[in-house]
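The structure appears below as structure tokens.
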Amino acid sequence: MSRIFSMPFASVYPHYVTKVEKKGRTREELHQVITWLTGFDDAELARHLEAGTTFEEFFADARLHPNASLITGVICGKRVEDIEDPLMQKIRYLDKLVDEIARGKAMEKVLRA
């Protein structure tokens, strides 16, 4: 089991915010991406952040978007579509989406519209 599975989502979330804001994107755009991937609304996301939910619990509660499998590419040196562990793949999907908005990719492409 990877160490990240038991890490609180709230401990990584500020890094996501910093990454996108440093590149001129907004927290609202980050929330839009998280909502698209997980199905959480703002209240559910806030609840997970306040509760210190682990990544494992966070994604266990998520309703993954049907188009999440369209997320492809390399993150941390591995192709996300080739990651075998389902939880690690979901975490890397989120990392990939955050990278894409930080790089300035159009939101409709990030959300696989």
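Going through the structure tokens in order, the chains are called A, B, and so on, while each chain numbers its residues from 1 and the ligands are numbered from 1 in the order shown.
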
Would you mind listing what lies within 9 Å of Ser11 (chain A) as a JSON list (two decimals) with C-alpha atoms, in the first residue's frame, with only C-alpha atoms counted and same-chain residues fewer than 3 positions away left out?
```
[["chain", "number", "residue", "atom", "x", "y", "z"],
["A", 7, "MET", "CA", -2.38, 10.84, 3.69],
["A", 8, "PRO", "CA", -5.11, 13.38, 4.39],
["A", 14, "PRO", "CA", -3.03, 23.53, -0.52],
["A", 15, "HIS", "CA", -0.27, 22.37, -2.90],
["A", 49, "LEU", "CA", -11.11, 18.96, 3.77],
["A", 52, "GLY", "CA", -9.04, 15.21, 7.32]]
```

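Neighbouring residues of region 90-93 of chain A at 8 Å or closer, counting only C-alpha atoms and skipping chain neighbours under 2 positions away, are A:Phe55, A:Phe59, A:Ala68, A:Ile71, A:Ile75, A:Val80, A:Pro86, A:Leu87, A:Met88, A:Asp95, A:Lys96, A:Leu97.
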
Save out the residues we just selected, C-alpha atoms, as a CSV table (one decimal), in the first residue's frame.
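Output below, filename again-v6.csv:
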```csv
chain,number,residue,atom,x,y,z
A,55,PHE,CA,-7.1,9.9,-0.1
A,59,PHE,CA,-11.9,8.4,-3.5
A,68,ALA,CA,-12.3,9.8,-16.3
A,71,ILE,CA,-7.5,11.0,-18.9
A,75,ILE,CA,2.4,11.9,-14.4
A,80,VAL,CA,-1.9,7.2,-16.0
A,86,PRO,CA,-7.4,1.6,-9.1
A,87,LEU,CA,-6.9,4.0,-6.1
A,88,MET,CA,-3.4,5.1,-7.3
A,95,ASP,CA,-2.7,15.0,-10.4
A,96,LYS,CA,-2.9,15.0,-14.2
A,97,LEU,CA,-6.0,17.3,-14.2
```

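What separates CA of Glu50 (chain A) from CA of Val12 (chain A) is a distance of 12.9 Å.
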
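Ranking A:Ala102, A:Gly73, A:Lys78, A:Ala43 by their shortest atom-to-atom distance to Arg27 (chain A), with only C-alpha atoms included, puts A:Ala102 first.
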
Please identify all polymer residues within 8 Å of Thr26 (chain A), counting only C-alpha atoms, omitting same-chain residues fewer than 5 positions from it, and present them as a VMD selection string.
-> chain A and resid 17 20 to 21

May I have all residues of chain A that DSSP, computed from the backbone, assigns to strand (DSSP E), given as a PyMOL selection string?
-> chain A and resi 74-75+78-79

Just write the chosen residues, all heavy atoms, as a CSV table (one decimal), in the first residue's frame.
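Output saved as out.csv:
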```csv
chain,number,residue,atom,x,y,z
A,74,VAL,N,1.4,11.2,-19.1
A,74,VAL,CA,2.4,10.9,-18.1
A,74,VAL,C,2.3,11.8,-16.9
A,74,VAL,O,2.2,13.0,-17.0
A,74,VAL,CB,3.8,10.9,-18.7
A,74,VAL,CG1,4.9,10.6,-17.7
A,74,VAL,CG2,3.9,10.0,-19.9
A,75,ILE,N,2.3,11.2,-15.7
A,75,ILE,CA,2.4,11.9,-14.4
A,75,ILE,C,3.4,11.1,-13.6
A,75,ILE,O,3.3,9.9,-13.5
A,75,ILE,CB,1.0,12.1,-13.8
A,75,ILE,CG1,1.1,13.1,-12.6
A,75,ILE,CG2,0.4,10.8,-13.3
A,75,ILE,CD1,1.2,14.5,-13.0
A,78,LYS,N,4.9,7.9,-15.1
A,78,LYS,CA,4.1,6.8,-15.5
A,78,LYS,C,2.9,7.2,-16.2
A,78,LYS,O,2.3,8.3,-16.0
A,78,LYS,CB,3.7,6.0,-14.2
A,78,LYS,CG,4.8,5.4,-13.4
A,78,LYS,CD,4.2,4.4,-12.5
A,78,LYS,CE,5.4,3.8,-11.8
A,78,LYS,NZ,5.2,2.5,-11.4
A,79,ARG,N,2.5,6.4,-17.2
A,79,ARG,CA,1.3,6.7,-18.0
A,79,ARG,C,0.1,6.4,-17.1
A,79,ARG,O,0.0,5.3,-16.5
A,79,ARG,CB,1.2,5.9,-19.2
A,79,ARG,CG,2.4,6.2,-20.2
A,79,ARG,CD,2.1,5.9,-21.6
A,79,ARG,NE,1.0,6.7,-22.2
A,79,ARG,CZ,1.1,8.0,-22.6
A,79,ARG,NH1,2.2,8.6,-22.5
A,79,ARG,NH2,0.0,8.6,-23.1
```

Might you pull out every residue within 9 Å of Ile34 (chain A), with only C-alpha atoms counted and same-chain residues fewer than 6 positions away left off, and present them as number ranges by chain?
-> A: 40-41, 45, 94, 97-98

Just to be explicit: take each residue in the selection above, keep N, CA, C and O atoms, and write the result as a short mmCIF file (atom, residue, chain, number, x, y, z; two decimals), in the first residue's frame.
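Just written: result_23.cif:
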```
data_model
loop_
_atom_site.label_atom_id
_atom_site.label_comp_id
_atom_site.auth_asym_id
_atom_site.auth_seq_id
_atom_site.Cartn_x
_atom_site.Cartn_y
_atom_site.Cartn_z
N PHE A 40 -18.17 15.49 -6.27
CA PHE A 40 -18.42 16.25 -5.05
C PHE A 40 -18.83 17.67 -5.39
O PHE A 40 -18.26 18.30 -6.27
N ASP A 41 -19.81 18.19 -4.64
CA ASP A 41 -20.12 19.61 -4.76
C ASP A 41 -19.21 20.35 -3.76
O ASP A 41 -18.42 19.73 -3.05
N LEU A 45 -16.83 18.73 -0.78
CA LEU A 45 -15.39 18.94 -0.81
C LEU A 45 -14.93 19.59 0.50
O LEU A 45 -13.95 19.14 1.11
N LEU A 94 -6.33 12.86 -10.78
CA LEU A 94 -6.46 14.19 -10.20
C LEU A 94 -5.17 14.99 -10.40
O LEU A 94 -5.22 16.16 -10.80
N LEU A 97 -5.04 16.20 -13.99
CA LEU A 97 -5.97 17.31 -14.24
C LEU A 97 -5.42 18.62 -13.67
O LEU A 97 -5.51 19.67 -14.31
N VAL A 98 -4.86 18.56 -12.47
CA VAL A 98 -4.27 19.75 -11.85
C VAL A 98 -3.11 20.25 -12.71
O VAL A 98 -3.00 21.46 -12.97
#
```

From A:Leu37, A:Ile83, A:Gln89, A:Phe58, residue lying nearest Ser6 (chain A) [only C-alpha atoms] = A:Phe58

Residues within 10 Å of Thr35 (chain A), please, as a PDB file with N, CA and C atoms, in the first residue's frame. Count only C-alpha atoms; anything in the same chain fewer than 6 positions from it doesn't count.
```pdb
ATOM      1  N   GLU A  29     -11.410  27.193 -10.530  1.00  0.00           N
ATOM      2  CA  GLU A  29     -11.117  26.249 -11.618  1.00  0.00           C
ATOM      3  C   GLU A  29     -10.641  24.918 -11.056  1.00  0.00           C
ATOM      4  N   ASP A  41     -19.814  18.186  -4.644  1.00  0.00           N
ATOM      5  CA  ASP A  41     -20.118  19.613  -4.755  1.00  0.00           C
ATOM      6  C   ASP A  41     -19.213  20.350  -3.761  1.00  0.00           C
ATOM      7  N   ASP A  42     -19.322  21.685  -3.714  1.00  0.00           N
ATOM      8  CA  ASP A  42     -18.449  22.466  -2.834  1.00  0.00           C
ATOM      9  C   ASP A  42     -18.605  22.080  -1.369  1.00  0.00           C
ATOM     10  N   GLU A  44     -19.523  19.112  -0.122  1.00  0.00           N
ATOM     11  CA  GLU A  44     -18.893  17.805   0.113  1.00  0.00           C
ATOM     12  C   GLU A  44     -17.374  17.937   0.139  1.00  0.00           C
ATOM     13  N   LEU A  45     -16.832  18.733  -0.775  1.00  0.00           N
ATOM     14  CA  LEU A  45     -15.391  18.943  -0.807  1.00  0.00           C
ATOM     15  C   LEU A  45     -14.927  19.590   0.498  1.00  0.00           C
ATOM     16  N   ALA A  62     -16.109   9.087  -3.608  1.00  0.00           N
ATOM     17  CA  ALA A  62     -16.291   9.789  -4.883  1.00  0.00           C
ATOM     18  C   ALA A  62     -17.167   8.988  -5.850  1.00  0.00           C
ATOM     19  N   ARG A  63     -17.820   9.733  -6.719  1.00  0.00           N
ATOM     20  CA  ARG A  63     -18.583   9.160  -7.828  1.00  0.00           C
ATOM     21  C   ARG A  63     -17.822   9.550  -9.096  1.00  0.00           C
ATOM     22  N   LEU A  64     -16.836   8.736  -9.454  1.00  0.00           N
ATOM     23  CA  LEU A  64     -15.922   9.069 -10.541  1.00  0.00           C
ATOM     24  C   LEU A  64     -16.676   9.335 -11.844  1.00  0.00           C
ATOM     25  N   HIS A  65     -16.275  10.397 -12.527  1.00  0.00           N
ATOM     26  CA  HIS A  65     -16.910  10.784 -13.789  1.00  0.00           C
ATOM     27  C   HIS A  65     -16.748   9.657 -14.807  1.00  0.00           C
TER      28      HIS A  65
END
```
